[in-house]
Protein chains: 2
Amino acid sequence: MLPKVLIAASVKPIMLAILAQDGESYGYEIIQRIHALSGGKIQWTAGTLYPVLHRLETEGLVESMWRKPDGERRRKYYRLTPQGEAAMSTEKQQWMDVNAVLVQLWGPDLALR
Amino acid sequence: MLPKVLIAASVKPIMLAILAQDGESYGYEIIQRIHALSGGKIQWTAGTLYPVLHRLETEGLVESMWRKPDGERRRKYYRLTPQGEAAMSTEKQQWMDVNAVLVQLWGPDLALR
DNA sequence: ACCCTATATATTGCACCACGATATATCGGT
DNA sequence: ACCGATATATCGTGGTGCAATATATAGGGT
């Protein structure tokens with residue numbers, strides 16, 4: 001089980017990155033996607049995901065539309081806005097800044113072998 | 001400015017890693033250390049650091065002792081316990097698990113150039 | 001018809017956390 | 001005497017994950 005704070009820090013960048021890669025998706029699918037992507041290590045629940053999606057929409061980083069594909073159930077599809085793409089770059093840079101510090105502390109394993 | 005949630009997620013692994021590398025240190029010094037290590041990007045304040053240090057001690061991951069080096073002020077020095085070293089390994093693994101997902105999503109830039 | 005499972009979204013309440021603000025104390029330099 | 005740097009401590013506020021709960025619908029088995 002991953003610590004709550006680590007989930008909290010990664011949920012936004014991961015969500016933005018998934019939407020950037022997939023073009024558009026919806027809540028339930030995103031939950032399965034991250035589960036598969038992480039090899040089962042990250043298991044978001046509905047109580048985690050939907051509030052985040054709504055927050056991102058309020059911030060103008062994603063936009064949503066209800067749609068009902070033929071023979072399928074109606075779903076609320078999300079896609080990135082231009083601001084969302086910009087936000088993803090920022091989040092990526094911030095994550096990498098912190099990651100660089102940790103890599104530095106954990107040792108020069110990368111350069112040396 | 002880094003998001004609060006990212007600070008929250010990184011403060012524990014970074015603190016444990018600093019103590020693992022330095023052997024022992026104290027609050028004020030750790031603040032300067034992380035500032036330098038991150039090139040000024042991470043700026044912990046006393047209000048951030050001391051509660052974390054106390055929490056780590058309560059969890060048994062660090063131990064502390066007041067000491068007064070000759071000609072210097074008294075300081076509360078911290079060092080890792082064996083449980084602290086184990087916790088650092090766990091934190092490292094968890095961070096890398098999440099990082100792997102992000103790297104995967106951000107693209108195969110590393111392997112290709 | 002009935003039930004069960006999977007799919008799909010939404011909300012509430014609790015526990016936890018960073019951190020600005022604030023307080024206290026000590027040292028060296030001017 | 002004063003000031004800035006050093007050094008530790010705590011409180012209040014705002015923000016967060018997430019279990020629990022609620023609601024709705026499609027498909028398959030009996």
# chains A, B, ... in the order shown; residues from 1 in each chain; ligands from 1
call {"tool": "residues_around", "arguments": {"residues": "segment 52-57 of chain A", "least_positions_apart": "3", "cutoff": "10 Å", "atoms": "only C-alpha atoms (C1' of nucleotides)", "output": "ChimeraX atom specification"}}
result
/A:8,11-12,15-16,26-27,46-49,60-64,78-81,84
call {"tool": "residues_around", "arguments": {"residues": "segment 18-24 of chain D", "least_positions_apart": "6", "cutoff": "10 Å", "atoms": "only C-alpha atoms (C1' of nucleotides)", "output": "ChimeraX atom specification"}}
result
/A:4,44-49 /C:8-14
call {"tool": "write_last_selection", "arguments": {"atoms": "C-alpha atoms (C1' of nucleotides)", "output": "PDB file, in the first residue's frame"}}
result
ATOM      1  CA  LYS A   4      -1.605   8.671   1.168  1.00  0.00           C
ATOM      2  CA  TRP A  44      -7.399   4.449  -7.102  1.00  0.00           C
ATOM      3  CA  THR A  45     -10.973   4.196  -5.890  1.00  0.00           C
ATOM      4  CA  ALA A  46     -13.987   6.167  -7.059  1.00  0.00           C
ATOM      5  CA  GLY A  47     -13.770   8.253  -3.889  1.00  0.00           C
ATOM      6  CA  THR A  48     -10.271   9.292  -4.900  1.00  0.00           C
ATOM      7  CA  LEU A  49     -10.748   9.826  -8.597  1.00  0.00           C
TER       8      LEU A  49
ATOM      9  C1'  DA C   8     -20.479   4.066 -14.136  1.00  0.00           C
ATOM     10  C1'  DT C   9     -20.805   8.468 -11.429  1.00  0.00           C
ATOM     11  C1'  DA C  10     -21.378  11.225  -7.131  1.00  0.00           C
ATOM     12  C1'  DT C  11     -21.015  12.816  -2.161  1.00  0.00           C
ATOM     13  C1'  DT C  12     -20.064  12.917   2.836  1.00  0.00           C
ATOM     14  C1'  DG C  13     -17.212  12.547   7.013  1.00  0.00           C
ATOM     15  C1'  DC C  14     -12.953  11.542   9.204  1.00  0.00           C
TER      16       DC C  14
END
call {"tool": "closest_atom_pairs", "arguments": {"of": "chain C", "to": "chain B", "cutoff": "9 Å", "atoms": "only C-alpha atoms (C1' of nucleotides)", "output": "JSON lines"}}
result
{"residue": "C:DC17", "atom": "C1'", "partner": "B:Ala8", "partner_atom": "CA", "distance": 7.0}
{"residue": "C:DA18", "atom": "C1'", "partner": "B:Thr48", "partner_atom": "CA", "distance": 6.0}
{"residue": "C:DC19", "atom": "C1'", "partner": "B:Gly47", "partner_atom": "CA", "distance": 5.5}
{"residue": "C:DG20", "atom": "C1'", "partner": "B:Gly47", "partner_atom": "CA", "distance": 7.9}
{"residue": "C:DT26", "atom": "C1'", "partner": "B:Arg73", "partner_atom": "CA", "distance": 7.1}
{"residue": "C:DC27", "atom": "C1'", "partner": "B:Arg73", "partner_atom": "CA", "distance": 7.4}
call {"tool": "interface_residues", "arguments": {"of": "chain B", "to": "chain D", "cutoff": "8 Å", "atoms": "only C-alpha atoms (C1' of nucleotides)", "output": "ChimeraX atom specification"}}
result
/B:28,50,75
call {"tool": "write_last_selection", "arguments": {"atoms": "C-alpha atoms", "output": "PDB file, in the first residue's frame"}}
result
ATOM      1  CA  TYR B  28      18.444  23.817  11.250  1.00  0.00           C
ATOM      2  CA  TYR B  50      10.226  20.050  13.271  1.00  0.00           C
ATOM      3  CA  ARG B  75      21.574  21.408  19.284  1.00  0.00           C
TER       4      ARG B  75
END
call {"tool": "interface_residues", "arguments": {"of": "chain B", "to": "chain A", "cutoff": "12 Å", "atoms": "only C-alpha atoms", "output": "PyMOL selection string"}}
result
chain B and resi 1-22+33-43+88-107
call {"tool": "write_last_selection", "arguments": {"atoms": "N, CA and C atoms", "output": "compact mmCIF listing (two decimals), in the first residue's frame"}}
result
# COMPACT_ATOMS: atom_id res chain seq x y z
N MET B 1 7.48 27.58 -6.86
CA MET B 1 6.96 26.97 -5.62
C MET B 1 6.39 25.57 -5.90
N LEU B 2 6.86 24.63 -5.16
CA LEU B 2 6.37 23.26 -5.31
C LEU B 2 5.02 23.09 -4.61
N PRO B 3 4.14 22.29 -5.18
CA PRO B 3 2.83 22.03 -4.55
C PRO B 3 3.00 21.39 -3.18
N LYS B 4 2.10 21.74 -2.27
CA LYS B 4 2.14 21.19 -0.91
C LYS B 4 2.17 19.67 -0.89
N VAL B 5 1.33 19.08 -1.74
CA VAL B 5 1.23 17.62 -1.75
C VAL B 5 2.55 16.96 -2.16
N LEU B 6 3.30 17.65 -3.03
CA LEU B 6 4.59 17.09 -3.45
C LEU B 6 5.62 17.20 -2.33
N ILE B 7 5.57 18.31 -1.62
CA ILE B 7 6.40 18.46 -0.42
C ILE B 7 6.05 17.36 0.58
N ALA B 8 4.75 17.20 0.80
CA ALA B 8 4.28 16.21 1.77
C ALA B 8 4.78 14.82 1.44
N ALA B 9 4.78 14.49 0.15
CA ALA B 9 5.17 13.14 -0.26
C ALA B 9 6.68 12.92 -0.17
N SER B 10 7.44 13.99 -0.31
CA SER B 10 8.89 13.83 -0.41
C SER B 10 9.63 14.10 0.88
N VAL B 11 8.99 14.77 1.83
CA VAL B 11 9.70 15.19 3.03
C VAL B 11 10.22 14.00 3.84
N LYS B 12 9.45 12.96 3.95
CA LYS B 12 9.88 11.79 4.72
C LYS B 12 11.03 11.04 4.05
N PRO B 13 10.87 10.63 2.79
CA PRO B 13 12.00 9.96 2.14
C PRO B 13 13.26 10.81 2.07
N ILE B 14 13.12 12.10 1.84
CA ILE B 14 14.31 12.96 1.77
C ILE B 14 14.99 13.06 3.12
N MET B 15 14.20 13.23 4.16
CA MET B 15 14.75 13.36 5.50
C MET B 15 15.50 12.09 5.88
N LEU B 16 14.89 10.94 5.65
CA LEU B 16 15.54 9.67 5.97
C LEU B 16 16.82 9.50 5.16
N ALA B 17 16.76 9.91 3.89
CA ALA B 17 17.93 9.75 3.03
C ALA B 17 19.08 10.67 3.45
N ILE B 18 18.74 11.88 3.89
CA ILE B 18 19.78 12.80 4.37
C ILE B 18 20.46 12.25 5.60
N LEU B 19 19.67 11.76 6.55
CA LEU B 19 20.25 11.21 7.77
C LEU B 19 21.06 9.94 7.47
N ALA B 20 20.61 9.19 6.50
CA ALA B 20 21.35 7.97 6.13
C ALA B 20 22.71 8.34 5.54
N GLN B 21 22.73 9.42 4.79
CA GLN B 21 23.98 9.81 4.14
C GLN B 21 24.92 10.55 5.10
N ASP B 22 24.36 11.41 5.93
CA ASP B 22 25.18 12.27 6.79
C ASP B 22 25.51 11.63 8.14
N ARG B 33 20.68 22.09 4.25
CA ARG B 33 21.18 20.98 3.42
C ARG B 33 20.25 20.73 2.25
N ILE B 34 18.95 20.64 2.51
CA ILE B 34 18.00 20.34 1.43
C ILE B 34 17.88 21.53 0.48
N HIS B 35 18.07 22.73 1.02
CA HIS B 35 18.04 23.93 0.19
C HIS B 35 19.18 23.88 -0.83
N ALA B 36 20.37 23.52 -0.34
CA ALA B 36 21.53 23.45 -1.22
C ALA B 36 21.42 22.28 -2.20
N LEU B 37 21.00 21.14 -1.67
CA LEU B 37 20.88 19.92 -2.49
C LEU B 37 19.93 20.10 -3.67
N SER B 38 18.91 20.90 -3.48
CA SER B 38 17.88 21.05 -4.51
C SER B 38 18.10 22.30 -5.36
N GLY B 39 19.22 22.96 -5.13
CA GLY B 39 19.47 24.19 -5.87
C GLY B 39 18.47 25.28 -5.55
N GLY B 40 17.99 25.28 -4.31
CA GLY B 40 17.06 26.32 -3.87
C GLY B 40 15.60 26.02 -4.18
N LYS B 41 15.35 24.91 -4.86
CA LYS B 41 13.96 24.60 -5.24
C LYS B 41 13.11 24.11 -4.08
N ILE B 42 13.75 23.44 -3.15
CA ILE B 42 13.02 22.98 -1.97
C ILE B 42 13.42 23.83 -0.77
N GLN B 43 12.45 24.54 -0.23
CA GLN B 43 12.71 25.42 0.91
C GLN B 43 11.81 25.06 2.07
N MET B 88 13.48 3.67 5.14
CA MET B 88 14.01 4.38 3.99
C MET B 88 13.95 3.50 2.74
N SER B 89 14.29 2.24 2.88
CA SER B 89 14.21 1.32 1.74
C SER B 89 12.79 1.21 1.21
N THR B 90 11.85 1.11 2.14
CA THR B 90 10.43 1.03 1.75
C THR B 90 10.00 2.28 1.00
N GLU B 91 10.33 3.43 1.57
CA GLU B 91 9.96 4.71 0.96
C GLU B 91 10.58 4.84 -0.43
N LYS B 92 11.82 4.40 -0.54
CA LYS B 92 12.52 4.47 -1.82
C LYS B 92 11.79 3.63 -2.88
N GLN B 93 11.44 2.43 -2.48
CA GLN B 93 10.76 1.52 -3.41
C GLN B 93 9.42 2.10 -3.85
N GLN B 94 8.67 2.66 -2.90
CA GLN B 94 7.36 3.22 -3.21
C GLN B 94 7.47 4.42 -4.14
N TRP B 95 8.45 5.26 -3.85
CA TRP B 95 8.66 6.42 -4.72
C TRP B 95 8.99 5.96 -6.15
N MET B 96 9.87 5.00 -6.25
CA MET B 96 10.30 4.53 -7.56
C MET B 96 9.17 3.84 -8.32
N ASP B 97 8.29 3.19 -7.60
CA ASP B 97 7.12 2.57 -8.24
C ASP B 97 6.27 3.63 -8.94
N VAL B 98 6.02 4.72 -8.23
CA VAL B 98 5.20 5.80 -8.80
C VAL B 98 5.97 6.49 -9.91
N ASN B 99 7.24 6.73 -9.66
CA ASN B 99 8.07 7.39 -10.67
C ASN B 99 8.10 6.60 -11.98
N ALA B 100 8.12 5.29 -11.87
CA ALA B 100 8.17 4.43 -13.06
C ALA B 100 6.93 4.65 -13.93
N VAL B 101 5.80 4.82 -13.29
CA VAL B 101 4.55 5.06 -14.02
C VAL B 101 4.62 6.39 -14.76
N LEU B 102 5.10 7.40 -14.08
CA LEU B 102 5.18 8.73 -14.70
C LEU B 102 6.16 8.74 -15.87
N VAL B 103 7.30 8.12 -15.67
CA VAL B 103 8.30 8.06 -16.74
C VAL B 103 7.72 7.36 -17.97
N GLN B 104 6.99 6.29 -17.69
CA GLN B 104 6.32 5.54 -18.75
C GLN B 104 5.35 6.42 -19.53
N LEU B 105 4.59 7.23 -18.81
CA LEU B 105 3.59 8.08 -19.45
C LEU B 105 4.21 9.27 -20.17
N TRP B 106 5.27 9.78 -19.59
CA TRP B 106 5.89 10.98 -20.17
C TRP B 106 6.64 10.66 -21.46
N GLY B 107 6.83 9.38 -21.71
CA GLY B 107 7.44 9.02 -22.97
C GLY B 107 8.76 8.34 -22.80
call {"tool": "atom_distance", "arguments": {"atom1": "atom CA of Glu85 of chain B", "atom2": "atom CA of Pro69 of chain B"}}
result
26.3 Å
call {"tool": "select_by_dssp", "arguments": {"residues": "chain A", "states": "strand (DSSP E)", "output": "PDB file with N, CA and C atoms, in the first residue's frame"}}
result
ATOM      1  N   SER A  25     -10.822  10.136 -22.090  1.00  0.00           N
ATOM      2  CA  SER A  25     -11.163   8.957 -21.311  1.00  0.00           C
ATOM      3  C   SER A  25     -12.228   9.333 -20.284  1.00  0.00           C
ATOM      4  N   TYR A  26     -12.652   8.352 -19.490  1.00  0.00           N
ATOM      5  CA  TYR A  26     -13.655   8.626 -18.450  1.00  0.00           C
ATOM      6  C   TYR A  26     -13.231   7.941 -17.160  1.00  0.00           C
ATOM      7  N   VAL A  62      -9.235  20.424 -17.439  1.00  0.00           N
ATOM      8  CA  VAL A  62      -9.915  19.427 -18.274  1.00  0.00           C
ATOM      9  C   VAL A  62     -11.319  19.928 -18.589  1.00  0.00           C
ATOM     10  N   GLU A  63     -11.894  19.377 -19.650  1.00  0.00           N
ATOM     11  CA  GLU A  63     -13.306  19.645 -19.937  1.00  0.00           C
ATOM     12  C   GLU A  63     -14.004  18.306 -20.121  1.00  0.00           C
ATOM     13  N   SER A  64     -15.329  18.283 -19.876  1.00  0.00           N
ATOM     14  CA  SER A  64     -16.051  17.015 -19.898  1.00  0.00           C
ATOM     15  C   SER A  64     -17.294  17.094 -20.782  1.00  0.00           C
ATOM     16  N   MET A  65     -17.714  15.940 -21.293  1.00  0.00           N
ATOM     17  CA  MET A  65     -18.979  15.873 -22.032  1.00  0.00           C
ATOM     18  C   MET A  65     -19.586  14.489 -21.852  1.00  0.00           C
ATOM     19  N   TRP A  66     -20.894  14.483 -21.571  1.00  0.00           N
ATOM     20  CA  TRP A  66     -21.613  13.221 -21.493  1.00  0.00           C
ATOM     21  C   TRP A  66     -21.757  12.685 -22.903  1.00  0.00           C
ATOM     22  N   ARG A  67     -21.587  11.387 -23.056  1.00  0.00           N
ATOM     23  CA  ARG A  67     -21.758  10.771 -24.360  1.00  0.00           C
ATOM     24  C   ARG A  67     -22.268   9.351 -24.163  1.00  0.00           C
ATOM     25  N   ARG A  75     -21.433   7.750 -20.548  1.00  0.00           N
ATOM     26  CA  ARG A  75     -20.232   8.018 -19.758  1.00  0.00           C
ATOM     27  C   ARG A  75     -19.879   9.488 -19.866  1.00  0.00           C
ATOM     28  N   LYS A  76     -19.148   9.965 -18.852  1.00  0.00           N
ATOM     29  CA  LYS A  76     -18.699  11.351 -18.874  1.00  0.00           C
ATOM     30  C   LYS A  76     -17.245  11.363 -19.326  1.00  0.00           C
ATOM     31  N   TYR A  77     -17.021  11.779 -20.526  1.00  0.00           N
ATOM     32  CA  TYR A  77     -15.667  11.778 -21.091  1.00  0.00           C
ATOM     33  C   TYR A  77     -14.923  13.070 -20.753  1.00  0.00           C
ATOM     34  N   TYR A  78     -13.647  12.914 -20.468  1.00  0.00           N
ATOM     35  CA  TYR A  78     -12.795  14.064 -20.131  1.00  0.00           C
ATOM     36  C   TYR A  78     -11.660  14.188 -21.130  1.00  0.00           C
ATOM     37  N   ARG A  79     -11.279  15.418 -21.428  1.00  0.00           N
ATOM     38  CA  ARG A  79     -10.054  15.647 -22.214  1.00  0.00           C
ATOM     39  C   ARG A  79      -9.367  16.904 -21.715  1.00  0.00           C
ATOM     40  N   LEU A  80      -8.072  16.996 -21.994  1.00  0.00           N
ATOM     41  CA  LEU A  80      -7.273  18.140 -21.545  1.00  0.00           C
ATOM     42  C   LEU A  80      -7.663  19.411 -22.290  1.00  0.00           C
TER      43      LEU A  80
END
call {"tool": "select_by_dssp", "arguments": {"residues": "chain A", "states": "helix (DSSP H, G or I)", "output": "VMD selection string"}}
result
chain A and resid 4 to 22 27 to 37 46 to 58 82 to 106 109 to 112
